[in-house]
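Structure data follow from protein06.txt (compact mmCIF, C-alpha atoms):
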# COMPACT_ATOMS: atom_id res chain seq x y z
CA MET H 876 -13.95 -26.75 8.18
CA PRO H 877 -12.38 -23.49 7.00
CA GLY H 878 -14.22 -21.58 9.71
CA ARG H 879 -12.40 -23.36 12.53
CA THR H 880 -10.21 -21.19 14.71
CA THR H 881 -7.03 -23.09 13.82
CA ASP H 882 -7.65 -22.63 10.09
CA LEU H 883 -8.36 -18.93 10.54
CA VAL H 884 -5.14 -18.51 12.52
CA ARG H 885 -3.15 -20.36 9.85
CA LEU H 886 -4.76 -18.22 7.16
CA ARG H 887 -3.91 -15.03 9.02
CA ILE H 888 -0.27 -16.07 9.43
CA THR H 889 -0.01 -17.09 5.78
CA LEU H 890 -1.50 -13.86 4.46
CA THR H 891 0.76 -11.87 6.77
CA THR H 892 3.71 -13.69 5.21
CA PHE H 893 2.66 -12.68 1.71
CA PHE H 894 2.18 -9.05 2.75
CA ALA H 895 5.68 -9.03 4.28
CA LEU H 896 7.15 -10.70 1.18
CA ASP H 897 5.61 -8.04 -1.04
CA GLY H 898 7.16 -5.21 0.98
CA PHE H 899 10.49 -7.04 1.18
CA VAL H 900 10.77 -7.58 -2.58
CA PHE H 901 9.63 -4.07 -3.50
CA ALA H 902 12.09 -2.42 -1.10
CA GLY H 903 14.90 -4.55 -2.50
CA TRP H 904 14.22 -3.04 -5.93
CA VAL H 905 13.97 0.51 -4.61
CA VAL H 906 17.41 0.51 -2.98
CA ARG H 907 19.04 -0.65 -6.24
CA ILE H 908 17.47 2.04 -8.43
CA PRO H 909 20.64 4.21 -8.43
CA ALA H 910 22.80 1.28 -9.58
CA VAL H 911 20.34 0.31 -12.33
CA LYS H 912 20.17 3.96 -13.40
CA ALA H 913 23.95 4.04 -13.81
CA GLN H 914 23.91 0.74 -15.69
CA THR H 915 21.34 1.93 -18.22
CA GLY H 916 22.88 5.41 -18.55
CA ALA H 917 19.49 7.00 -17.98
CA SER H 918 19.06 10.69 -17.29
CA ASN H 919 16.88 11.79 -14.40
CA SER H 920 13.93 12.52 -16.67
CA ALA H 921 14.35 9.26 -18.60
CA LEU H 922 14.55 7.30 -15.36
CA GLY H 923 11.39 9.02 -14.16
CA LEU H 924 9.55 7.87 -17.27
CA ALA H 925 10.87 4.33 -16.86
CA LEU H 926 9.77 4.25 -13.22
CA LEU H 927 6.25 5.13 -14.32
CA GLY H 928 6.21 1.60 -15.73
CA VAL H 929 5.75 0.20 -12.22
CA SER H 930 2.67 2.32 -11.55
CA ALA H 931 1.32 1.89 -15.07
CA GLY H 932 1.64 -1.89 -14.93
CA ALA H 933 0.03 -2.00 -11.50
CA VAL H 934 -2.94 0.21 -12.38
CA VAL H 935 -3.64 -1.63 -15.64
CA THR H 936 -3.75 -5.08 -14.04
CA MET H 937 -5.62 -4.27 -10.82
CA THR H 938 -9.10 -4.32 -12.34
CA LEU H 939 -8.25 -7.48 -14.27
CA THR H 940 -7.00 -9.16 -11.10
CA GLY H 941 -10.25 -8.31 -9.33
CA ARG H 942 -12.17 -10.15 -12.04
CA LEU H 943 -9.79 -13.12 -11.92
CA CYS H 944 -10.20 -13.30 -8.15
CA ARG H 945 -13.95 -13.53 -8.55
CA ARG H 946 -13.55 -16.33 -11.10
CA PHE H 947 -10.68 -18.39 -9.69
CA GLY H 948 -10.48 -17.23 -6.07
CA SER H 949 -8.18 -14.83 -4.26
CA HIS H 950 -5.97 -17.57 -2.78
CA PRO H 951 -4.78 -19.07 -6.11
CA MET H 952 -4.35 -15.59 -7.56
CA THR H 953 -2.19 -14.55 -4.59
CA VAL H 954 0.13 -17.51 -5.20
CA VAL H 955 0.32 -16.93 -8.97
CA CYS H 956 1.07 -13.23 -8.55
CA ALA H 957 3.70 -13.98 -5.87
CA VAL H 958 5.51 -16.26 -8.32
CA LEU H 959 5.38 -13.59 -11.05
CA LEU H 960 6.58 -10.94 -8.59
CA SER H 961 9.51 -13.09 -7.49
CA LEU H 962 10.54 -13.82 -11.08
CA SER H 963 10.12 -10.27 -12.38
CA ILE H 964 12.28 -8.67 -9.66
CA ALA H 965 15.34 -10.23 -11.33
CA LEU H 966 14.68 -8.52 -14.69
CA PRO H 967 15.61 -4.81 -14.14
CA PRO H 968 19.40 -5.35 -13.71
CA LEU H 969 19.45 -7.38 -16.94
CA THR H 970 18.49 -4.33 -19.01
CA HIS H 971 20.91 -1.91 -20.67
CA SER H 972 18.57 0.73 -22.08
CA VAL H 973 15.85 2.95 -20.68
CA TRP H 974 13.21 1.45 -22.97
CA ALA H 975 14.02 -2.09 -21.90
CA LEU H 976 13.98 -1.00 -18.27
CA GLY H 977 10.58 0.60 -18.68
CA ALA H 978 9.23 -2.57 -20.32
CA VAL H 979 10.38 -4.93 -17.56
CA LEU H 980 9.15 -2.51 -14.91
CA CYS H 981 5.70 -2.73 -16.48
CA VAL H 982 5.89 -6.50 -15.95
CA PHE H 983 7.09 -6.04 -12.39
CA GLY H 984 4.37 -3.46 -11.74
CA ALA H 985 1.72 -5.78 -13.14
CA ALA H 986 2.76 -8.53 -10.72
CA TYR H 987 3.00 -6.04 -7.86
CA GLY H 988 -0.44 -4.60 -8.51
CA GLY H 989 -1.93 -8.04 -9.01
CA ILE H 990 -0.72 -9.46 -5.71
CA ASN H 991 -1.91 -6.36 -3.86
CA VAL H 992 -5.47 -6.85 -5.10
CA ALA H 993 -5.36 -10.63 -4.53
CA PHE H 994 -4.10 -10.71 -0.95
CA ASN H 995 -6.13 -7.65 0.07
CA SER H 996 -9.23 -9.45 -1.22
CA ALA H 997 -8.29 -12.54 0.79
CA ALA H 998 -7.66 -10.37 3.85
CA VAL H 999 -11.08 -8.71 3.48
CA ASP H 1000 -12.72 -12.16 3.61
CA LEU H 1001 -10.77 -13.02 6.75
CA VAL H 1002 -11.65 -9.71 8.42
CA ALA H 1003 -15.34 -10.41 7.77
CA ALA H 1004 -15.08 -13.94 9.16
CA LEU H 1005 -13.22 -12.89 12.30
CA ARG H 1006 -15.43 -9.83 12.82
CA ARG H 1007 -12.35 -7.94 13.97
CA PRO H 1008 -10.72 -4.97 12.18
CA ILE H 1009 -7.31 -6.62 11.70
CA MET H 1010 -6.61 -5.13 8.26
CA PRO H 1011 -3.95 -2.68 9.56
CA THR H 1012 -1.84 -5.56 10.89
CA PHE H 1013 -1.44 -6.94 7.37
CA HIS H 1014 -0.27 -3.57 6.10
CA ALA H 1015 2.07 -3.32 9.09
CA ALA H 1016 3.63 -6.58 7.87
CA PHE H 1017 4.12 -4.96 4.46
CA SER H 1018 5.85 -1.99 6.10
CA LEU H 1019 8.07 -4.24 8.24
CA GLY H 1020 8.96 -6.32 5.19
CA GLY H 1021 9.91 -3.14 3.38
CA MET H 1022 12.13 -2.01 6.24
CA VAL H 1023 13.91 -5.38 6.32
CA GLY H 1024 14.29 -5.39 2.53
CA ALA H 1025 15.72 -1.87 2.50
CA GLY H 1026 18.09 -2.64 5.36
CA LEU H 1027 19.34 -5.82 3.71
CA GLY H 1028 19.75 -4.01 0.42
CA GLY H 1029 21.83 -1.33 2.08
CA LEU H 1030 24.08 -3.96 3.67
CA VAL H 1031 24.78 -5.88 0.45
CA ALA H 1032 24.88 -2.90 -1.93
CA GLY H 1033 28.65 -2.57 -1.59
CA SER H 1034 29.45 -6.24 -2.08
CA LEU H 1035 26.83 -7.58 -4.49
CA THR H 1036 25.88 -6.37 -7.94
CA PRO H 1037 22.22 -5.59 -8.58
CA THR H 1038 22.00 -8.76 -10.67
CA TRP H 1039 23.14 -11.02 -7.84
CA HIS H 1040 21.15 -9.14 -5.22
CA LEU H 1041 17.83 -9.14 -7.06
CA SER H 1042 18.35 -12.70 -8.27
CA GLY H 1043 18.77 -13.63 -4.63
CA LEU H 1044 15.42 -11.98 -3.92
CA THR H 1045 13.93 -14.17 -6.66
CA VAL H 1046 15.17 -17.30 -4.90
CA ILE H 1047 13.91 -16.09 -1.51
CA GLY H 1048 10.55 -15.11 -2.97
CA LEU H 1049 10.05 -18.47 -4.70
CA ILE H 1050 10.98 -20.40 -1.54
CA VAL H 1051 8.61 -18.36 0.62
CA THR H 1052 5.86 -18.70 -1.99
CA ALA H 1053 6.37 -22.47 -2.21
CA VAL H 1054 6.02 -22.87 1.56
CA ALA H 1055 3.30 -20.30 2.27
CA GLY H 1056 1.48 -20.90 -1.01
CA ARG H 1057 1.09 -24.59 -0.26
CA VAL H 1058 -0.69 -23.69 2.97
CA LEU H 1059 -2.80 -20.99 1.34
CA LEU H 1060 -4.03 -23.25 -1.47
CA ARG H 1061 -5.18 -25.84 1.06
CA LEU H 1062 -7.28 -23.31 2.95
CA ASP H 1063 -10.65 -22.32 1.53
CA PRO H 1064 -11.67 -18.67 1.87
CA PRO H 1065 -13.66 -18.29 5.09
CA ALA H 1066 -17.37 -17.72 4.75
CA ALA H 1067 -18.38 -14.18 5.63
CA PRO H 1068 -21.31 -13.67 8.02
CA GLU H 1069 -24.60 -13.83 6.15
CA PRO H 1070 -26.29 -10.43 5.73
CA VAL H 1071 -29.83 -10.02 6.99
CA PRO H 1072 -32.20 -10.38 4.01
CA GLU H 1073 -34.07 -7.24 3.03
CA GLU H 1074 -37.45 -8.90 3.53
CA GLN H 1075 -36.42 -9.72 7.14
CA GLY H 1076 -35.54 -6.18 8.03
CA GLY H 1077 -32.10 -5.92 6.46
CA PRO H 1078 -30.99 -2.78 4.64
CA PRO H 1079 -32.15 -2.42 1.04
CA ARG H 1080 -29.47 -3.15 -1.52
CA SER H 1081 -28.67 -0.46 -4.04
CA GLN H 1082 -25.97 -1.22 -6.61
CA PRO H 1083 -25.44 2.45 -7.61
CA ARG H 1084 -25.18 3.43 -3.95
CA THR H 1085 -22.72 0.62 -3.29
CA ARG H 1086 -20.57 1.62 -6.25
CA ALA H 1087 -20.63 5.23 -5.09
CA LEU H 1088 -19.45 4.20 -1.62
CA VAL H 1089 -16.69 2.04 -3.10
CA VAL H 1090 -15.47 5.02 -5.13
CA THR H 1091 -15.71 7.19 -2.02
CA PHE H 1092 -13.41 4.87 -0.10
CA GLY H 1093 -11.15 4.77 -3.15
CA LEU H 1094 -10.87 8.57 -3.04
CA ILE H 1095 -9.91 8.34 0.64
CA ALA H 1096 -7.21 5.83 -0.32
CA LEU H 1097 -6.04 8.22 -3.07
CA CYS H 1098 -5.58 11.04 -0.57
CA THR H 1099 -3.47 8.77 1.65
CA ALA H 1100 -1.34 7.34 -1.15
CA TYR H 1101 -0.68 10.87 -2.42
CA GLY H 1102 0.91 11.69 0.92
CA GLU H 1103 2.97 8.50 1.03
CA GLY H 1104 4.36 9.09 -2.44
CA ALA H 1105 5.13 12.73 -1.70
CA MET H 1106 6.93 11.90 1.55
CA ALA H 1107 9.03 9.20 -0.09
CA ASP H 1108 10.20 11.40 -2.96
CA TRP H 1109 10.32 14.92 -1.49
CA GLY H 1110 10.67 14.69 2.29
CA ALA H 1111 14.45 14.34 2.41
CA LEU H 1112 14.94 17.06 -0.23
CA HIS H 1113 12.83 19.48 1.82
CA LEU H 1114 14.96 18.90 4.92
CA GLU H 1115 18.23 19.28 3.04
CA GLN H 1116 17.28 22.09 0.65
CA ASP H 1117 14.97 24.25 2.76
CA LEU H 1118 16.20 23.60 6.30
CA ASP H 1119 19.93 23.04 5.57
CA ALA H 1120 19.98 19.60 7.16
CA ALA H 1121 23.00 17.35 6.61
CA PRO H 1122 22.41 14.51 4.11
CA GLY H 1123 22.40 11.93 6.90
CA VAL H 1124 19.83 13.85 8.91
CA ALA H 1125 17.71 14.43 5.81
CA ALA H 1126 17.64 10.70 5.17
CA VAL H 1127 16.22 10.19 8.66
CA GLY H 1128 13.12 12.15 7.64
CA TYR H 1129 11.48 9.34 5.69
CA SER H 1130 12.57 6.83 8.33
CA CYS H 1131 10.66 8.81 10.97
CA PHE H 1132 7.61 8.79 8.73
CA ALA H 1133 7.88 5.07 7.92
CA LEU H 1134 8.54 3.98 11.50
CA ALA H 1135 5.60 6.00 12.80
CA MET H 1136 3.36 4.55 10.10
CA THR H 1137 4.44 1.00 11.00
CA ALA H 1138 3.80 1.65 14.69
CA GLY H 1139 0.40 3.11 13.89
CA ARG H 1140 -0.57 0.06 11.85
CA LEU H 1141 0.59 -2.36 14.54
CA THR H 1142 -1.82 -0.67 16.95
CA GLY H 1143 -4.50 -0.11 14.31
CA THR H 1144 -6.74 -3.00 15.34
CA VAL H 1145 -7.05 -1.68 18.89
CA LEU H 1146 -7.68 1.82 17.56
CA LEU H 1147 -10.40 0.63 15.20
CA GLU H 1148 -12.08 -1.41 17.92
CA ARG H 1149 -12.18 1.59 20.25
CA LEU H 1150 -13.00 4.38 17.81
CA GLY H 1151 -14.71 2.59 14.94
CA ARG H 1152 -13.85 2.93 11.27
CA THR H 1153 -15.34 6.37 10.62
CA ARG H 1154 -13.74 8.02 13.65
CA THR H 1155 -10.41 6.37 12.82
CA LEU H 1156 -10.54 7.84 9.31
CA VAL H 1157 -11.56 11.29 10.55
CA VAL H 1158 -9.04 11.42 13.41
CA GLY H 1159 -6.30 9.97 11.21
CA GLY H 1160 -6.88 12.49 8.45
CA ALA H 1161 -6.98 15.42 10.87
CA THR H 1162 -3.81 14.21 12.63
CA ALA H 1163 -1.97 13.81 9.32
CA ALA H 1164 -3.07 17.27 8.20
CA GLY H 1165 -1.73 18.88 11.37
CA GLY H 1166 1.48 16.87 11.24
CA MET H 1167 2.19 17.77 7.64
CA LEU H 1168 1.57 21.46 8.23
CA LEU H 1169 4.21 21.26 10.95
CA GLY H 1170 6.53 19.16 8.79
CA SER H 1171 6.34 21.44 5.77
CA LEU H 1172 6.28 24.88 7.44
CA ALA H 1173 8.37 24.39 10.62
CA PRO H 1174 11.53 26.55 10.70
CA SER H 1175 13.73 23.87 12.32
CA VAL H 1176 14.80 20.38 11.29
CA TRP H 1177 13.71 18.69 14.52
CA ALA H 1178 10.24 20.21 14.40
CA ALA H 1179 9.92 19.05 10.80
CA LEU H 1180 10.98 15.52 11.79
CA LEU H 1181 8.32 15.54 14.49
CA GLY H 1182 5.79 16.66 11.90
CA PHE H 1183 6.81 13.81 9.58
CA ALA H 1184 6.33 11.29 12.42
CA VAL H 1185 2.89 12.68 13.30
CA THR H 1186 1.95 12.52 9.62
CA GLY H 1187 2.94 8.85 9.50
CA LEU H 1188 0.81 8.09 12.55
CA GLY H 1189 -2.16 9.89 11.03
CA LEU H 1190 -1.96 8.23 7.62
CA ALA H 1191 -1.14 4.76 8.99
CA ASN H 1192 -4.62 3.25 9.12
CA ILE H 1193 -6.48 5.26 6.50
CA PHE H 1194 -5.45 3.24 3.43
CA PRO H 1195 -6.00 -0.25 4.93
CA THR H 1196 -9.34 0.80 6.42
CA ALA H 1197 -10.52 2.31 3.14
CA VAL H 1198 -9.50 -0.79 1.16
CA GLU H 1199 -11.16 -3.09 3.70
CA ARG H 1200 -14.43 -1.17 3.55
CA ALA H 1201 -14.37 -1.08 -0.25
CA GLY H 1202 -13.75 -4.82 -0.31
CA ALA H 1203 -16.55 -5.50 2.17
CA LEU H 1204 -18.93 -3.57 -0.08
CA GLY H 1205 -17.75 -4.66 -3.51
CA GLY H 1206 -15.68 -7.82 -3.05
CA PRO H 1207 -12.49 -8.18 -5.14
CA GLY H 1208 -13.84 -5.57 -7.54
CA GLY H 1209 -14.15 -3.11 -4.67
CA VAL H 1210 -10.57 -3.83 -3.59
CA ALA H 1211 -9.42 -3.32 -7.18
CA THR H 1212 -11.26 0.01 -7.47
CA ALA H 1213 -9.89 1.37 -4.20
CA SER H 1214 -6.37 0.12 -4.95
CA THR H 1215 -6.42 1.59 -8.45
CA LEU H 1216 -7.47 4.99 -7.14
CA GLY H 1217 -4.86 4.70 -4.38
CA TYR H 1218 -2.09 3.99 -6.84
CA GLY H 1219 -3.37 6.85 -8.95
CA GLY H 1220 -2.76 9.09 -5.96
CA MET H 1221 0.72 7.68 -5.49
CA LEU H 1222 1.38 8.27 -9.19
CA LEU H 1223 -0.02 11.80 -9.04
CA GLY H 1224 1.68 12.93 -5.83
CA PRO H 1225 5.40 13.24 -6.70
CA PRO H 1226 5.00 15.05 -10.06
CA ALA H 1227 2.25 17.29 -8.64
CA ILE H 1228 4.55 18.30 -5.78
CA GLY H 1229 7.29 19.03 -8.31
CA PHE H 1230 5.11 21.31 -10.43
CA MET H 1231 3.81 23.18 -7.39
CA ALA H 1232 7.34 23.55 -6.02
CA GLU H 1233 8.43 25.04 -9.35
CA TRP H 1234 5.50 27.45 -9.30
CA ALA H 1235 5.72 28.44 -5.60
CA SER H 1236 8.11 26.63 -3.24
CA LEU H 1237 8.64 23.10 -1.95
CA PRO H 1238 7.31 23.84 1.58
CA THR H 1239 4.17 25.32 0.04
CA ALA H 1240 3.80 22.34 -2.29
CA LEU H 1241 4.08 19.90 0.62
CA THR H 1242 1.12 21.54 2.32
CA SER H 1243 -1.00 19.84 -0.38
CA VAL H 1244 -0.41 16.60 1.55
CA ALA H 1245 -2.05 18.23 4.57
CA ALA H 1246 -4.88 19.52 2.40
CA LEU H 1247 -5.67 16.08 0.95
CA ALA H 1248 -5.45 14.44 4.38
CA ALA H 1249 -8.04 16.96 5.57
CA VAL H 1250 -10.16 16.17 2.50
CA ALA H 1251 -10.01 12.45 3.38
CA ALA H 1252 -11.21 13.24 6.91
CA LEU H 1253 -14.00 15.43 5.56
CA ILE H 1254 -15.18 12.78 3.07
CA ALA H 1255 -15.23 10.16 5.84
CA PHE H 1256 -17.23 12.48 8.09
CA LEU H 1257 -19.77 13.50 5.44
CA THR H 1258 -20.41 9.89 4.36
CA ARG H 1259 -20.47 8.42 7.88
CA ARG H 1260 -24.20 7.58 7.85
CA ALA H 1261 -24.12 5.92 4.44
CA ALA H 1262 -20.98 3.97 5.35
CA ARG H 1263 -22.51 2.84 8.65
CA SER H 1264 -25.62 1.47 6.94
Here is a file; write its structure as C-alpha cells.
Amino acid sequence: MPGRTTDLVRLRITLTTFFALDGFVFAGWVVRIPAVKAQTGASNSALGLALLGVSAGAVVTMTLTGRLCRRFGSHPMTVVCAVLLSLSIALPPLTHSVWALGAVLCVFGAAYGGINVAFNSAAVDLVAALRRPIMPTFHAAFSLGGMVGAGLGGLVAGSLTPTWHLSGLTVIGLIVTAVAGRVLLRLDPPAAPEPVPEEQGGPPRSQPRTRALVVTFGLIALCTAYGEGAMADWGALHLEQDLDAAPGVAAVGYSCFALAMTAGRLTGTVLLERLGRTRTLVVGGATAAGGMLLGSLAPSVWAALLGFAVTGLGLANIFPTAVERAGALGGPGGVATASTLGYGGMLLGPPAIGFMAEWASLPTALTSVAALAAVAALIAFLTRRAARS
C-alpha cells in the first residue's frame, strides 16, 4: 500500500532527488550565462530581454501544469518535465543570436516552471500524508543542488565549452530521471487524511474563501521571491559599488545569503513544528526585514554581509511554507497559483530595484526587500485565523 512507511520514505527520497536535480541543472545554466552572452554577441539590454524568456516560459506553463497534474497525476508530470528540463538545458549554447537564445530559454523556462509545479504538488501530498511540515527540506535540496551545480560549473568553465558542459548536464539529468523516475512512477500518491465532513462538525467549505487564501499565500511567496531575485542580481553590486568591497569579497555576499537560506531550510521542519506555520511566516518576515535593513544601509562590508545572512535565514522557509499551504488548500492549482505569483515577484524584483536605484540610490532601492518581507509578515499575521481554520 502506498501509505506504508517504507513507500513514504522512498517517495520522500525520490522527490528530494528531483528537487536537487532541478537546482543542479538551473545553476549549471546560470554560471555559463557570460559565455553564452559572448557567443551570441548580445548587449546587456538584449541579454536581459532574452533572460526574460526563462521567467516568461515558466509563468505561462505553471497554470497549465497544475491542470495536467490534476488530470494525469503529479508523479508522471514530474518525470515528463524532468526529461524536458534535461533536454532543454543543452539548447542555449547552440544559439548564435539573441532571438534564438530567447526562444530556447522560453522552452527551458517552460520545463523549469512545469517541474516546479509538479514536484511541489507531489510534495504537498506527502506532507499531508506524513502530517509533518517537511516542505522546507525539499527546498533545501534544491538549494544544495544549486550550490553543487554552481561549484561544478565554476570548476569546468575554464576547460569545457558551454556546449560540452551543458550537454553533460543533459546526460546527467536523463540518467537521474531514468533511475528516480522509475521509482516515482511505481509509487502512487499517498492519500491525504480525510477532512471532517461539514455535517459532522467540520468547517464549512467556501470556494471563494479558499481561492482568496490561496492568492494570499501566493502574495506571501511573491514577497519572498522578490527578495531572492534582488539579492541574486544586486547584492554583489551594492557591496562593490557602495561599500568599495573588492570583487572577491563582493561575490561572497550572495554566498552568505544562499548558505544561510540553505541552513534555514534544513532546520525548517523543526522550526515549523515548534512555532507553527503562521508564527514561522511572521518571524521569518520580520527577521528578513531587519536583516535587509542592515544589509542595505550598513556603512561597512562586514555588517552588510551579516545583514545578507540574516536575510537569508528569514526568507528561508517563507516560500516553501506558502506554497505548501496553497497546495493543501487548492491542490495542484493552488501550487500553480502560488508559484506563478512567486515567479512574478522574482521577475519584478531585479528591474524594480534598477529603476528605484536610478531614481534614488541602490541602498535605498534594496530597502524595498525589507519592506516586502515586512508586508509578508503582516499578511500572515492578519490572516492567521482564516489560515488556521
Nearest-residue call for Ile1254 in chain H, choices H:Gly1182, H:Gly1160, H:Gly1151, H:Pro1065, using only C-alpha atoms:
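The answer is H:Gly1160, which sits nearest to Ile1254 in chain H.
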Return the single residue from H:Pro968, H:Gly923, H:Gly988, H:Gly1056 that is closest to Ser1214 in chain H, with distances computed using all atoms listed in the file.
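Residue with the minimum atom-to-atom distance to Ser1214 in chain H: H:Gly988.
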Would you mind telling me which residue in H:Ala1246, H:Leu883, H:Leu1172, H:Val900 lies nearest to Val1023 in chain H when using all atoms listed in the file?
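When distances to Val1023 in chain H are compared using all atoms listed in the file, the smallest one comes from H:Val900.
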Separation of CA of Ala1251 in chain H from CA of Leu1216 in chain H, in Å and rounded to one decimal
13.1 Å
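Proximity of H:Thr1242, H:Ala1252, H:Gly1224, H:Gly1205 to Leu1156 in chain H, computed with only C-alpha atoms, is greatest for H:Ala1252.
Proximity of H:Thr1258, H:Thr1212, H:Thr891, H:Ser1042 to Ser961 in chain H, computed with all atoms listed in the file, is greatest for H:Ser1042.
The list of residues with at least one atom within 8 Å of Gly1139 in chain H, based on only C-alpha atoms and without residues fewer than 5 positions apart in the same chain, reads Gly1187, Leu1188, Gly1189, Ala1191 and Asn1192 of chain H.
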Would you mind telling me which residue in H:Arg1154, H:Arg1061, H:Arg1140, H:His1014 lies nearest to Val1198 in chain H when using only C-alpha atoms?
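Looking only at the distances to Val1198 in chain H, the closest residue turns out to be H:His1014.
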Could you name the residues that touch Phe901 in chain H at 8 Å or less, counting all atoms listed in the file, but leaving out those on the same chain fewer than 4 positions away, as a PyMOL selection string?
chain H and resi 897+905+1021+1024
For Thr1045 in chain H, please output as a list in words all residues within 7 Å (counting only C-alpha atoms; exclusion window: fewer than 3 positions along the same chain).
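Answer for this query is Ser961, Leu962, Ile964, Ala965, Leu1041, Ser1042, Gly1048 and Leu1049 of chain H.
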For the residues selected in the previous step, produce a file with C-alpha atoms as a PDB file, in the frame of the given file.
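See out.pdb below for the written result:
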ATOM      1  CA  SER H 961       9.510 -13.090  -7.490  1.00  0.00           C
ATOM      2  CA  LEU H 962      10.540 -13.820 -11.080  1.00  0.00           C
ATOM      3  CA  ILE H 964      12.280  -8.670  -9.660  1.00  0.00           C
ATOM      4  CA  ALA H 965      15.340 -10.230 -11.330  1.00  0.00           C
ATOM      5  CA  LEU H1041      17.830  -9.140  -7.060  1.00  0.00           C
ATOM      6  CA  SER H1042      18.350 -12.700  -8.270  1.00  0.00           C
ATOM      7  CA  GLY H1048      10.550 -15.110  -2.970  1.00  0.00           C
ATOM      8  CA  LEU H1049      10.050 -18.470  -4.700  1.00  0.00           C
TER       9      LEU H1049
END
Applying 9 Å and all atoms listed in the file, which residues near Pro967 in chain H remain after dropping the ones on its own chain fewer than 5 positions away? List them as a ChimeraX atom specification.
/H:904,911,975-977,979-980,983,1037-1038,1041
Could you save those same residues with C-alpha atoms as a JSON list (two decimals), keeping the file's coordinate frame?
[["chain", "number", "residue", "atom", "x", "y", "z"],
["H", 904, "TRP", "CA", 14.22, -3.04, -5.93],
["H", 911, "VAL", "CA", 20.34, 0.31, -12.33],
["H", 975, "ALA", "CA", 14.02, -2.09, -21.90],
["H", 976, "LEU", "CA", 13.98, -1.00, -18.27],
["H", 977, "GLY", "CA", 10.58, 0.60, -18.68],
["H", 979, "VAL", "CA", 10.38, -4.93, -17.56],
["H", 980, "LEU", "CA", 9.15, -2.51, -14.91],
["H", 983, "PHE", "CA", 7.09, -6.04, -12.39],
["H", 1037, "PRO", "CA", 22.22, -5.59, -8.58],
["H", 1038, "THR", "CA", 22.00, -8.76, -10.67],
["H", 1041, "LEU", "CA", 17.83, -9.14, -7.06]]
Two-atom distance - CA of Gly1208 in chain H, CA of Met1221 in chain H (Å)
19.8 Å
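Residue neighbourhood of Thr892 in chain H, excluding near-sequence residues (fewer than 4 positions): Arg887, Ile888, Leu896, Asp897, Phe1013, Ala1016, Phe1017, Val1051 and Ala1055 of chain H, at 9 Å, using all atoms listed in the file.
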I'd like the interatomic distance between CA of Ile1009 in chain H and CA of Thr1144 in chain H, to a tenth of an Å.
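Taking CA of Ile1009 in chain H as the start and CA of Thr1144 in chain H as the end point, the length is 5.2 Å.
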Please supply range 1000-1012 of chain H, rebuilt with N, CA and C atoms, as a compact mmCIF listing (two decimals), keeping the file's coordinate frame.
# COMPACT_ATOMS: atom_id res chain seq x y z
N ASP H 1000 -11.90 -11.01 3.23
CA ASP H 1000 -12.72 -12.16 3.61
C ASP H 1000 -12.42 -12.60 5.04
N LEU H 1001 -11.15 -12.60 5.41
CA LEU H 1001 -10.77 -13.02 6.75
C LEU H 1001 -11.26 -12.03 7.80
N VAL H 1002 -11.16 -10.73 7.50
CA VAL H 1002 -11.65 -9.71 8.42
C VAL H 1002 -13.14 -9.91 8.68
N ALA H 1003 -13.90 -10.20 7.62
CA ALA H 1003 -15.34 -10.41 7.77
C ALA H 1003 -15.63 -11.65 8.60
N ALA H 1004 -14.85 -12.71 8.41
CA ALA H 1004 -15.08 -13.94 9.16
C ALA H 1004 -14.73 -13.79 10.64
N LEU H 1005 -13.64 -13.08 10.92
CA LEU H 1005 -13.22 -12.89 12.30
C LEU H 1005 -14.03 -11.83 13.03
N ARG H 1006 -14.68 -10.96 12.24
CA ARG H 1006 -15.43 -9.83 12.82
C ARG H 1006 -14.53 -8.96 13.69
N ARG H 1007 -13.30 -8.82 13.28
CA ARG H 1007 -12.35 -7.94 13.97
C ARG H 1007 -11.62 -7.11 12.92
N PRO H 1008 -11.39 -5.84 13.17
CA PRO H 1008 -10.72 -4.97 12.18
C PRO H 1008 -9.20 -5.15 12.19
N ILE H 1009 -8.75 -6.29 11.66
CA ILE H 1009 -7.31 -6.62 11.70
C ILE H 1009 -6.57 -6.20 10.44
N MET H 1010 -7.25 -5.50 9.53
CA MET H 1010 -6.61 -5.13 8.26
C MET H 1010 -5.30 -4.36 8.46
N PRO H 1011 -5.22 -3.41 9.40
CA PRO H 1011 -3.95 -2.68 9.56
C PRO H 1011 -2.76 -3.56 9.89
N THR H 1012 -2.98 -4.71 10.55
CA THR H 1012 -1.84 -5.56 10.89
C THR H 1012 -1.21 -6.16 9.64
